[in-house]
file model.cif (mmCIF, C-alpha atoms and all ligand atoms)
data_upload
#
loop_
_atom_site.label_atom_id
_atom_site.label_comp_id
_atom_site.auth_asym_id
_atom_site.auth_seq_id
_atom_site.Cartn_x
_atom_site.Cartn_y
_atom_site.Cartn_z
CA MET A 230 63.55 -14.60 78.08
CA THR A 231 65.89 -11.72 78.85
CA ASN A 232 69.62 -12.33 78.71
CA PHE A 233 70.49 -10.48 81.90
CA GLN A 234 74.18 -10.37 81.09
CA ASN A 235 73.42 -7.93 78.29
CA LEU A 236 71.94 -5.55 80.84
CA ALA A 237 75.06 -5.41 83.02
CA LYS A 238 76.54 -2.71 80.81
CA ILE A 239 73.66 -0.41 81.69
CA GLY A 240 73.92 -1.07 85.42
CA TRP A 241 71.98 -4.28 86.04
CA THR A 242 73.33 -6.07 89.13
CA PRO A 243 72.34 -9.02 91.37
CA TYR A 244 70.65 -6.44 93.61
CA PHE A 245 67.94 -6.02 90.94
CA GLN A 246 67.99 -9.60 89.69
CA GLN A 247 67.13 -10.99 93.12
CA GLN A 248 63.95 -8.88 93.22
CA LEU A 249 62.39 -10.77 90.30
CA THR A 250 59.73 -13.42 90.84
CA LEU A 251 60.06 -16.64 88.83
CA GLN A 252 57.40 -15.44 86.44
CA GLU A 253 59.06 -12.06 85.96
CA TRP A 254 62.33 -13.86 85.41
CA SER A 255 60.87 -15.58 82.36
CA ASP A 256 58.31 -13.05 81.07
CA ALA A 257 59.20 -9.51 82.15
CA HIS A 258 61.63 -7.12 80.49
CA PRO A 259 63.78 -4.85 82.67
CA LEU A 260 64.30 -1.33 81.35
CA ARG A 261 66.47 1.47 82.72
CA ILE A 262 65.17 5.04 82.55
CA ILE A 263 67.76 7.15 80.77
CA SER A 264 65.82 10.39 80.44
CA GLN A 265 62.59 11.88 81.54
CA HIS A 266 60.24 14.22 79.74
CA ARG A 267 56.86 15.73 80.47
CA SER A 268 54.78 12.97 78.92
CA CYS A 269 57.22 10.15 78.23
CA ILE A 270 60.41 8.47 79.37
CA SER A 271 63.32 7.19 77.34
CA VAL A 272 64.29 3.70 78.37
CA GLN A 273 67.07 1.32 77.54
CA GLY A 274 66.82 -2.45 77.67
CA GLU A 275 67.94 -5.52 75.84
CA ALA A 276 66.10 -4.36 72.71
CA GLY A 277 67.85 -0.99 72.64
CA THR A 278 66.66 2.52 73.45
CA TYR A 279 63.14 3.76 72.90
CA SER A 280 60.44 5.96 74.34
CA LEU A 281 57.48 4.94 76.54
CA PRO A 282 54.47 7.15 77.27
CA LEU A 283 53.94 7.98 80.96
CA THR A 284 50.71 6.45 82.28
CA PRO A 285 48.81 6.90 85.57
CA ALA A 286 49.59 3.28 86.47
CA MET A 287 53.28 4.11 86.77
CA ASP A 288 54.96 4.88 90.08
CA ALA A 289 56.83 8.16 90.57
CA LEU A 290 59.84 7.44 88.39
CA VAL A 291 63.20 9.08 88.02
CA VAL A 292 66.26 8.81 85.81
CA GLY A 293 68.34 5.77 86.78
CA ASP A 294 65.33 3.70 87.85
CA TRP A 295 64.82 0.11 86.73
CA ILE A 296 61.28 -0.83 85.72
CA LEU A 297 59.69 -4.03 84.42
CA VAL A 298 57.38 -4.19 81.40
CA ASP A 299 55.60 -7.12 79.78
CA SER A 300 56.07 -8.32 76.21
CA GLU A 301 53.58 -5.67 75.03
CA GLN A 302 55.57 -2.92 76.75
CA ARG A 303 52.94 -2.54 79.48
CA TYR A 304 54.26 -1.29 82.79
CA ILE A 305 54.50 -3.94 85.53
CA ARG A 306 56.39 -2.33 88.37
CA LEU A 307 59.34 -0.35 89.66
CA LEU A 308 62.26 -2.29 91.12
CA GLU A 309 63.48 -1.28 94.54
CA ARG A 310 66.20 1.37 94.30
CA TYR A 311 69.74 0.66 95.37
CA SER A 312 70.25 4.35 96.12
CA CYS A 313 68.26 7.48 95.65
CA PHE A 314 68.81 11.25 95.73
CA LYS A 315 66.01 13.66 96.60
CA ARG A 316 65.89 17.40 96.99
CA LYS A 317 63.49 19.81 98.56
CA ALA A 318 61.05 20.85 95.87
CA PRO A 319 61.08 24.55 95.03
CA GLY A 320 58.24 26.58 96.57
CA THR A 321 56.91 27.06 100.06
CA HIS A 322 55.51 23.58 100.65
CA VAL A 323 57.91 21.06 101.96
CA ALA A 324 57.92 18.19 99.55
CA TRP A 325 60.73 16.11 98.15
CA GLN A 326 61.49 15.69 94.55
CA LEU A 327 63.34 12.62 93.29
CA ILE A 328 66.38 13.52 91.24
CA SER A 329 68.21 10.30 90.56
CA ALA A 330 68.22 6.63 91.39
CA ASN A 331 70.62 3.72 91.46
CA VAL A 332 73.80 5.77 91.57
CA ASP A 333 76.92 3.82 92.60
CA THR A 334 79.30 6.72 93.11
CA ALA A 335 78.79 10.42 93.72
CA PHE A 336 81.73 12.63 92.80
CA ILE A 337 81.57 15.65 95.08
CA LEU A 338 83.28 18.48 93.21
CA CYS A 339 84.78 21.32 95.16
CA ALA A 340 87.03 24.01 93.63
CA LEU A 341 90.46 24.55 95.19
CA ASN A 342 90.40 28.30 94.59
CA GLU A 343 88.78 30.88 96.88
CA ASP A 344 85.51 28.90 96.72
CA PHE A 345 87.05 26.01 98.66
CA ASN A 346 84.72 25.41 101.59
CA LEU A 347 84.90 22.50 104.03
CA SER A 348 81.43 23.14 105.45
CA ARG A 349 79.84 22.85 102.03
CA LEU A 350 81.78 19.64 101.47
CA GLU A 351 80.45 18.26 104.77
CA ARG A 352 76.90 19.03 103.62
CA TYR A 353 77.41 17.01 100.43
CA LEU A 354 79.03 14.19 102.40
CA ALA A 355 76.02 13.99 104.73
CA LEU A 356 73.75 13.84 101.70
CA VAL A 357 75.72 11.14 99.90
CA HIS A 358 76.19 9.07 103.05
CA SER A 359 72.41 8.90 103.43
CA SER A 360 71.88 7.67 99.87
CA SER A 361 73.83 4.32 99.75
CA ALA A 362 76.06 5.74 97.00
CA GLN A 363 79.81 5.93 97.60
CA ALA A 364 81.31 9.42 98.00
CA VAL A 365 84.48 10.45 96.17
CA VAL A 366 85.76 13.99 96.72
CA VAL A 367 87.18 15.68 93.62
CA LEU A 368 89.04 18.92 94.26
CA THR A 369 89.00 20.83 90.96
CA LYS A 370 91.05 23.71 89.49
CA SER A 371 94.27 22.21 90.86
CA ASP A 372 96.11 24.11 88.11
CA GLN A 373 95.01 27.44 89.60
CA VAL A 374 96.45 27.04 93.08
CA THR A 375 99.66 26.27 94.90
CA HIS A 376 98.15 24.93 98.12
CA ALA A 377 96.48 21.77 96.76
CA GLU A 378 98.31 19.55 99.28
CA GLN A 379 97.07 21.61 102.20
CA ALA A 380 93.45 21.31 101.05
CA LEU A 381 93.89 17.59 100.43
CA ASP A 382 95.10 17.18 104.03
CA ALA A 383 92.18 19.21 105.37
CA VAL A 384 89.72 16.93 103.56
CA ARG A 385 91.50 13.79 104.72
CA ARG A 386 91.24 15.03 108.30
CA LEU A 387 87.43 15.07 107.92
CA ASP A 388 87.45 11.34 107.25
CA ALA A 389 90.60 9.30 106.77
CA ALA A 390 88.71 6.64 104.78
CA LEU A 391 87.46 9.07 102.11
CA ASP A 392 88.69 8.85 98.52
CA VAL A 393 89.98 12.32 97.65
CA LEU A 394 91.82 13.53 94.57
CA THR A 395 92.80 16.83 92.96
CA LEU A 396 92.19 17.49 89.26
CA ASN A 397 92.29 20.01 86.50
CA THR A 398 88.97 19.13 84.89
CA HIS A 399 90.22 20.27 81.45
CA ALA A 400 93.04 17.71 81.49
CA PRO A 401 92.52 14.42 79.61
CA GLU A 402 94.19 12.59 82.53
CA CYS A 403 90.85 12.96 84.41
CA VAL A 404 89.62 9.91 82.51
CA GLU A 405 92.35 7.72 83.90
CA ARG A 406 92.34 9.20 87.41
CA LEU A 407 88.60 8.56 87.76
CA SER A 408 88.65 5.20 85.98
CA PRO A 409 88.27 3.08 89.17
CA TRP A 410 84.70 4.38 89.42
CA LEU A 411 83.87 4.55 85.70
CA SER A 412 84.07 0.99 84.47
CA GLU A 413 81.30 -0.61 82.42
CA GLY A 414 77.87 -0.43 84.03
CA GLN A 415 78.89 1.79 86.95
CA THR A 416 76.60 4.75 87.49
CA VAL A 417 78.05 8.05 88.69
CA VAL A 418 76.72 11.50 89.39
CA LEU A 419 78.52 14.84 89.73
CA LEU A 420 77.60 17.03 92.68
CA GLY A 421 78.85 20.49 93.49
CA SER A 422 77.88 24.13 93.44
CA SER A 423 77.76 26.28 90.37
CA GLY A 424 81.11 26.86 88.67
CA VAL A 425 83.09 24.02 90.26
CA GLY A 426 83.59 22.30 86.90
CA LYS A 427 80.77 19.77 86.49
CA SER A 428 80.14 20.60 82.81
CA THR A 429 83.86 20.79 82.07
CA LEU A 430 84.48 17.40 83.67
CA THR A 431 81.47 15.94 81.83
CA ASN A 432 82.95 17.14 78.54
CA THR A 433 86.39 15.76 79.39
CA LEU A 434 84.94 12.39 80.38
CA MET A 435 82.73 12.30 77.28
CA ASN A 436 85.70 13.31 75.17
CA THR A 437 83.32 15.52 73.15
CA GLN A 438 81.81 18.94 73.29
CA HIS A 439 78.60 17.49 74.70
CA GLN A 440 76.97 20.58 76.13
CA ARG A 441 74.36 20.65 78.80
CA THR A 442 71.34 22.30 77.26
CA GLY A 443 69.73 23.37 80.51
CA GLY A 444 66.29 22.31 79.30
CA ILE A 445 64.44 20.42 76.66
CA ARG A 446 61.40 21.73 74.88
CA GLU A 447 58.33 19.66 74.52
CA ASP A 448 55.03 20.42 72.90
CA ASP A 449 52.07 19.12 74.91
CA GLY A 450 49.45 20.89 72.82
CA LYS A 451 49.07 23.79 75.27
CA GLY A 452 52.21 25.54 74.17
CA ARG A 453 55.85 24.87 74.64
CA HIS A 454 57.38 24.18 78.03
CA THR A 455 60.91 23.86 79.17
CA THR A 456 61.52 20.93 81.47
CA THR A 457 64.60 20.09 83.44
CA HIS A 458 67.09 18.11 81.48
CA ARG A 459 68.21 14.92 83.15
CA GLU A 460 69.81 12.07 81.34
CA LEU A 461 71.98 9.05 81.79
CA VAL A 462 74.81 9.16 79.27
CA THR A 463 77.21 6.34 78.44
CA LEU A 464 80.87 7.37 78.69
CA PRO A 465 83.56 5.99 76.37
CA SER A 466 84.86 4.02 79.41
CA GLY A 467 81.50 2.22 79.68
CA GLY A 468 80.54 4.10 82.85
CA LEU A 469 77.14 5.78 83.02
CA LEU A 470 77.04 9.44 83.94
CA LEU A 471 73.88 10.94 85.28
CA ASP A 472 73.82 14.47 83.97
CA THR A 473 71.45 16.30 86.25
CA PRO A 474 71.56 20.00 86.99
CA GLY A 475 69.30 19.49 90.02
CA MET A 476 72.24 18.34 92.10
CA ARG A 477 73.75 21.68 93.06
CA GLU A 478 72.71 23.28 96.34
CA LEU A 479 70.78 20.69 98.26
CA GLN A 480 68.82 21.00 101.47
CA LEU A 481 69.11 18.13 103.92
CA GLY A 482 66.03 16.28 105.16
CA GLY A 483 65.68 12.69 106.32
CA CYS A 484 69.48 12.56 106.35
CA GLU A 485 70.08 11.61 110.03
CA THR A 486 72.20 8.58 109.16
CA GLY A 487 74.21 10.57 106.63
CA ILE A 488 74.95 13.33 109.16
CA SER A 489 75.94 10.73 111.78
CA SER A 490 78.29 9.12 109.34
CA ALA A 491 79.78 12.39 108.00
CA PHE A 492 80.38 13.54 111.60
CA ALA A 493 81.21 10.19 113.20
CA ASP A 494 83.99 11.80 115.28
CA ILE A 495 81.58 14.27 116.95
CA GLU A 496 78.94 11.60 117.56
CA LEU A 497 81.54 9.38 119.19
CA LEU A 498 82.73 12.21 121.42
CA GLY A 499 79.08 12.98 122.27
CA GLU A 500 78.75 9.56 123.86
CA GLN A 501 81.23 10.68 126.50
CA CYS A 502 79.36 13.89 127.44
CA ARG A 503 78.05 13.98 131.02
CA PHE A 504 74.44 14.51 129.89
CA ASN A 505 72.75 12.19 127.41
CA ASP A 506 70.94 15.11 125.79
CA CYS A 507 74.01 17.37 125.72
CA ARG A 508 73.74 20.01 122.98
CA HIS A 509 77.51 20.55 123.07
CA GLU A 510 77.07 24.25 123.80
CA GLN A 511 77.77 25.29 127.38
CA GLU A 512 76.90 22.18 129.36
CA PRO A 513 79.40 21.05 131.98
CA GLY A 514 81.28 17.86 131.22
CA CYS A 515 80.83 18.23 127.44
CA ALA A 516 83.39 16.02 125.70
CA VAL A 517 82.84 17.81 122.38
CA GLN A 518 83.68 21.22 123.87
CA GLY A 519 86.64 19.51 125.54
CA ALA A 520 87.91 18.39 122.13
CA ILE A 521 87.60 21.97 120.83
CA GLU A 522 89.62 23.29 123.79
CA SER A 523 92.33 20.71 123.24
CA GLY A 524 92.45 21.55 119.51
CA ALA A 525 91.36 18.05 118.42
CA LEU A 526 88.15 19.40 116.87
CA SER A 527 87.50 22.70 115.09
CA GLN A 528 84.75 25.08 116.16
CA ARG A 529 83.83 25.41 112.47
CA ARG A 530 83.09 21.67 112.20
CA LEU A 531 80.96 21.62 115.35
CA THR A 532 79.02 24.73 114.24
CA ASN A 533 78.35 23.12 110.86
CA TYR A 534 77.29 19.83 112.49
CA LEU A 535 74.77 21.66 114.69
CA LYS A 536 73.52 23.74 111.75
CA LEU A 537 73.03 20.74 109.44
CA ASN A 538 71.24 18.84 112.22
CA ARG A 539 68.86 21.79 112.75
CA GLU A 540 68.19 22.12 109.03
CA ASN A 541 67.62 18.37 108.69
CA ALA A 542 65.28 18.24 111.71
CA PHE A 543 63.29 21.23 110.42
CA ASN A 544 62.85 19.80 106.93
CA THR A 545 62.09 16.30 108.20
CA SER A 546 59.42 17.49 110.64
CA SER A 547 57.80 19.83 108.10
CA LEU A 548 57.56 16.91 105.73
CA ALA A 549 56.06 14.66 108.43
CA GLN A 550 53.48 17.36 109.26
CA ARG A 551 52.55 17.72 105.63
CA ARG A 552 52.15 13.96 105.30
CA ALA A 553 49.95 13.86 108.41
CA LYS A 554 47.80 16.69 107.02
CA GLU A 555 47.43 14.93 103.69
CA LYS A 556 46.50 11.73 105.48
CA SER A 557 43.79 13.37 107.57
CA PHE A 558 42.47 15.19 104.50
CA GLY A 559 42.35 11.84 102.67
CA LYS A 560 40.42 10.33 105.59
CA MET A 561 37.94 13.22 105.55
CA VAL A 562 37.35 12.82 101.80
CA LYS A 563 36.75 9.08 102.28
CA GLN A 564 34.27 9.81 105.08
CA VAL A 565 32.34 12.32 102.94
CA VAL A 566 32.15 9.83 100.07
CA LYS A 567 30.97 7.11 102.47
CA ASN A 568 28.30 9.38 103.97
CA LYS A 569 27.05 10.35 100.52
CA ALA A 570 26.81 6.70 99.52
CA ARG A 571 24.92 5.91 102.71
CA LEU A 572 22.43 8.77 102.10
CA LYS A 573 21.84 7.50 98.56
CA ASP A 574 21.31 3.92 99.72
CA GLY A 575 19.08 4.99 102.58
N1 LIG A 601 91.67 26.28 85.30
C1 LIG A 601 90.60 25.51 85.51
N2 LIG A 601 89.37 25.99 85.20
C2 LIG A 601 88.32 25.17 85.42
C3 LIG A 601 88.45 23.88 85.98
N3 LIG A 601 87.22 23.34 86.11
C4 LIG A 601 86.35 24.27 85.64
N4 LIG A 601 87.02 25.38 85.22
C5 LIG A 601 86.41 26.61 84.66
O1 LIG A 601 85.44 27.09 85.57
C6 LIG A 601 84.32 27.62 84.89
C7 LIG A 601 83.04 26.91 85.38
O2 LIG A 601 83.11 25.53 85.02
P1 LIG A 601 81.81 24.67 84.66
O3 LIG A 601 82.30 23.36 84.19
O4 LIG A 601 80.91 25.43 83.77
O5 LIG A 601 81.15 24.55 86.10
P2 LIG A 601 79.76 23.84 86.50
O6 LIG A 601 80.00 23.14 87.78
O7 LIG A 601 79.28 23.00 85.38
O8 LIG A 601 78.82 25.07 86.71
P3 LIG A 601 77.21 25.13 86.62
O9 LIG A 601 76.83 24.68 85.24
O10 LIG A 601 76.88 26.55 86.91
O11 LIG A 601 76.73 24.20 87.70
C8 LIG A 601 84.59 27.42 83.42
O12 LIG A 601 85.11 28.64 82.92
C9 LIG A 601 85.65 26.34 83.38
O13 LIG A 601 86.49 26.44 82.25
C10 LIG A 601 89.77 23.42 86.31
O14 LIG A 601 89.99 22.31 86.84
N5 LIG A 601 90.80 24.28 86.06
ZN ZN A 602 78.40 17.61 124.76
#

call {"tool": "encode", "arguments": {"input": "model.cif", "output": "structure tokens"}}
result
Amino acid sequence: MTNFQNLAKIGWTPYFQQQLTLQEWSDAHPLRIISQHRSCISVQGEAGTYSLPLTPAMDALVVGDWILVDSEQRYIRLLERYSCFKRKAPGTHVAWQLISANVDTAFILCALNEDFNLSRLERYLALVHSSSAQAVVVLTKSDQVTHAEQALDAVRRLDAALDVLTLNTHAPECVERLSPWLSEGQTVVLLGSSGVGKSTLTNTLMNTQHQRTGGIREDDGKGRHTTTHRELVTLPSGGLLLDTPGMRELQLGGCETGISSAFADIELLGEQCRFNDCRHEQEPGCAVQGAIESGALSQRRLTNYLKLNRENAFNTSSLAQRRAKEKSFGKMVKQVVKNKARLKDG
């Protein structure tokens, strides 16, 4: 029987424990996925770290997931995720690609130099708020600017309850400043656009020159392929850092609750508009426009709110359409198979 306490250091919590049946409790072995390759996954469990081949019986898995296997290492099932990040898959079709699971805290990195951008920060907040992970805003390159306090205030005005801090990601003090979220077994991810300091902060937290490789090469017999590198690394503090380059510019989709929570002030104002379906543009009696006139709300924030809502609605509906199409195609295939079988029998 598994000693579940040994799994706490790799992120096992009562949330996962309570999903086990009595039989699984005594017979199954929980494993956490720490990296993903074309034909196999690396997993960590009570017995250490090893590799498992991917099989068709497995669900769509992602780094950070918890799975159960039997004593012969045969896949049983995926445990329900505590949190999950997805992104729009590259290409024309609208499909979502899982990028990480069971993250406790997302550090949203934003540089304090000329790249500082509140609208981009709001996009990341909407994304994190729809994932169940906690958002912490990390304003980087504090050593390069003189207006750090001003930016800190601007972020606090977005949401007074947000955890926000400023850092020089090269400085060893990062470890201590971020320690509340990096204790043993806590899983974190770094979000932020290119150049904000994700790799630098990873190196500082790792206290090594651990370099992101950008890809791993695997030989599947048909030649060599580069696949995206995603891995869960254990930090000296005992925290678990999900190193995933897929978390840069992210499109929103299915993020209604996250947008509502990132823009709670606007949604609250919206309840006071004269019309229920007010678009907060030129309608009479619009409380949101009223707040802009009085200076309580910025036009920039409203414009971004409307833009993110449009983007989210577009991506969500395209996905729903695609699902419906796939469903009706599936039905058609089933019908053809049935008809064929009937012809044969008849
Ligand atoms: N002065 C200063 N430079 C920083 C800081 N954080 C990052 N840099 C520098 O900014 C550049 C980009 O940092 P990276 O850590 O590579 O940024 P990244 O987010 O990993 O970028 P991508 O890999 O493109 O996503 C590097 O030259 C870093 O040395 C900081 O806090 N202060
Ligand atoms: Zn309105």

call {"tool": "closest_residue", "arguments": {"input": "model.cif", "among": "A:Gly524, A:Pro243, A:Gly424, A:Gly414", "to": "Leu469 in chain A", "atoms": "all atoms listed in the file"}}
result
A:Gly414

call {"tool": "residues_near_ligand", "arguments": {"input": "model.cif", "ligand": "ligand ZN 602 (chain A)", "cutoff": "9 Å", "atoms": "only C-alpha atoms and all ligand atoms", "output": "PyMOL selection string"}}
result
chain A and resi 498-519

call {"tool": "atom_distance", "arguments": {"input": "model.cif", "atom1": "CA of Glu253 in chain A", "atom2": "CA of Tyr304 in chain A"}}
result
12.2 Å

call {"tool": "residues_near_point", "arguments": {"input": "model.cif", "point": "(71.2, 15.6, 109.8)", "cutoff": "12 Å", "atoms": "all atoms listed in the file", "output": "ChimeraX atom specification"}}
result
/A:351-359,480-493,496,533-546

call {"tool": "write_last_selection", "arguments": {"input": "model.cif", "atoms": "C-alpha atoms", "output": "PDB file, in the coordinates of the input"}}
result
ATOM      1  CA  GLU A 351      80.450  18.260 104.770  1.00  0.00           C
ATOM      2  CA  ARG A 352      76.900  19.030 103.620  1.00  0.00           C
ATOM      3  CA  TYR A 353      77.410  17.010 100.430  1.00  0.00           C
ATOM      4  CA  LEU A 354      79.030  14.190 102.400  1.00  0.00           C
ATOM      5  CA  ALA A 355      76.020  13.990 104.730  1.00  0.00           C
ATOM      6  CA  LEU A 356      73.750  13.840 101.700  1.00  0.00           C
ATOM      7  CA  VAL A 357      75.720  11.140  99.900  1.00  0.00           C
ATOM      8  CA  HIS A 358      76.190   9.070 103.050  1.00  0.00           C
ATOM      9  CA  SER A 359      72.410   8.900 103.430  1.00  0.00           C
ATOM     10  CA  GLN A 480      68.820  21.000 101.470  1.00  0.00           C
ATOM     11  CA  LEU A 481      69.110  18.130 103.920  1.00  0.00           C
ATOM     12  CA  GLY A 482      66.030  16.280 105.160  1.00  0.00           C
ATOM     13  CA  GLY A 483      65.680  12.690 106.320  1.00  0.00           C
ATOM     14  CA  CYS A 484      69.480  12.560 106.350  1.00  0.00           C
ATOM     15  CA  GLU A 485      70.080  11.610 110.030  1.00  0.00           C
ATOM     16  CA  THR A 486      72.200   8.580 109.160  1.00  0.00           C
ATOM     17  CA  GLY A 487      74.210  10.570 106.630  1.00  0.00           C
ATOM     18  CA  ILE A 488      74.950  13.330 109.160  1.00  0.00           C
ATOM     19  CA  SER A 489      75.940  10.730 111.780  1.00  0.00           C
ATOM     20  CA  SER A 490      78.290   9.120 109.340  1.00  0.00           C
ATOM     21  CA  ALA A 491      79.780  12.390 108.000  1.00  0.00           C
ATOM     22  CA  PHE A 492      80.380  13.540 111.600  1.00  0.00           C
ATOM     23  CA  ALA A 493      81.210  10.190 113.200  1.00  0.00           C
ATOM     24  CA  GLU A 496      78.940  11.600 117.560  1.00  0.00           C
ATOM     25  CA  ASN A 533      78.350  23.120 110.860  1.00  0.00           C
ATOM     26  CA  TYR A 534      77.290  19.830 112.490  1.00  0.00           C
ATOM     27  CA  LEU A 535      74.770  21.660 114.690  1.00  0.00           C
ATOM     28  CA  LYS A 536      73.520  23.740 111.750  1.00  0.00           C
ATOM     29  CA  LEU A 537      73.030  20.740 109.440  1.00  0.00           C
ATOM     30  CA  ASN A 538      71.240  18.840 112.220  1.00  0.00           C
ATOM     31  CA  ARG A 539      68.860  21.790 112.750  1.00  0.00           C
ATOM     32  CA  GLU A 540      68.190  22.120 109.030  1.00  0.00           C
ATOM     33  CA  ASN A 541      67.620  18.370 108.690  1.00  0.00           C
ATOM     34  CA  ALA A 542      65.280  18.240 111.710  1.00  0.00           C
ATOM     35  CA  PHE A 543      63.290  21.230 110.420  1.00  0.00           C
ATOM     36  CA  ASN A 544      62.850  19.800 106.930  1.00  0.00           C
ATOM     37  CA  THR A 545      62.090  16.300 108.200  1.00  0.00           C
ATOM     38  CA  SER A 546      59.420  17.490 110.640  1.00  0.00           C
TER      39      SER A 546
END

call {"tool": "closest_atom_pairs", "arguments": {"input": "model.cif", "of": "chain A", "to": "ligand LIG 601 (chain A)", "cutoff": "6 Å", "atoms": "only C-alpha atoms and all ligand atoms", "output": "Markdown table"}}
result
| residue | atom | partner | partner_atom | distance |
| --- | --- | --- | --- | --- |
| A:Thr369 | CA | A:LIG601 | O14 | 4.5 |
| A:Lys370 | CA | A:LIG601 | O14 | 3.2 |
| A:Ser371 | CA | A:LIG601 | O14 | 5.9 |
| A:Asp372 | CA | A:LIG601 | N1 | 5.7 |
| A:Gln373 | CA | A:LIG601 | N1 | 5.6 |
| A:Leu396 | CA | A:LIG601 | O14 | 5.8 |
| A:Asn397 | CA | A:LIG601 | O14 | 3.3 |
| A:Thr398 | CA | A:LIG601 | O14 | 3.9 |
| A:His399 | CA | A:LIG601 | O14 | 5.8 |
| A:Ser422 | CA | A:LIG601 | O11 | 5.9 |
| A:Ser423 | CA | A:LIG601 | O11 | 3.5 |
| A:Gly424 | CA | A:LIG601 | O5 | 3.5 |
| A:Val425 | CA | A:LIG601 | O6 | 4.1 |
| A:Gly426 | CA | A:LIG601 | O3 | 3.2 |
| A:Lys427 | CA | A:LIG601 | O6 | 3.7 |
| A:Ser428 | CA | A:LIG601 | O7 | 3.6 |
| A:Thr429 | CA | A:LIG601 | O3 | 3.7 |

call {"tool": "atom_distance", "arguments": {"input": "model.cif", "atom1": "CA of Val374 in chain A", "atom2": "CA of Asn342 in chain A"}}
result
6.4 Å

call {"tool": "atom_distance", "arguments": {"input": "model.cif", "atom1": "CA of Ile270 in chain A", "atom2": "CA of Ser312 in chain A"}}
result
19.9 Å

call {"tool": "residues_around", "arguments": {"input": "model.cif", "residues": "range 324-333 of chain A", "least_positions_apart": "4", "cutoff": "7 Å", "atoms": "all atoms listed in the file", "output": "VMD selection string"}}
result
chain A and resid 291 to 294 310 to 318 362 to 363 415 to 418 475 548

call {"tool": "closest_residue", "arguments": {"input": "model.cif", "among": "A:Ile262, A:Cys403, A:Ile296, A:Leu420", "to": "Leu350 in chain A", "atoms": "all atoms listed in the file"}}
result
A:Leu420

call {"tool": "axis_aligned_box", "arguments": {"input": "model.cif", "around": "range 294-297 of chain A", "padding_each_side": "3 Å", "output": "AutoDock Vina command-line options"}}
result
--center_x 62.5 --center_y -0.2 --center_z 86.1 --size_x 11.6 --size_y 13.7 --size_z 9.4

call {"tool": "residues_around", "arguments": {"input": "model.cif", "residues": "Ala237 in chain A", "least_positions_apart": "2", "cutoff": "12 Å", "atoms": "only C-alpha atoms", "output": "count of residues only"}}
result
27
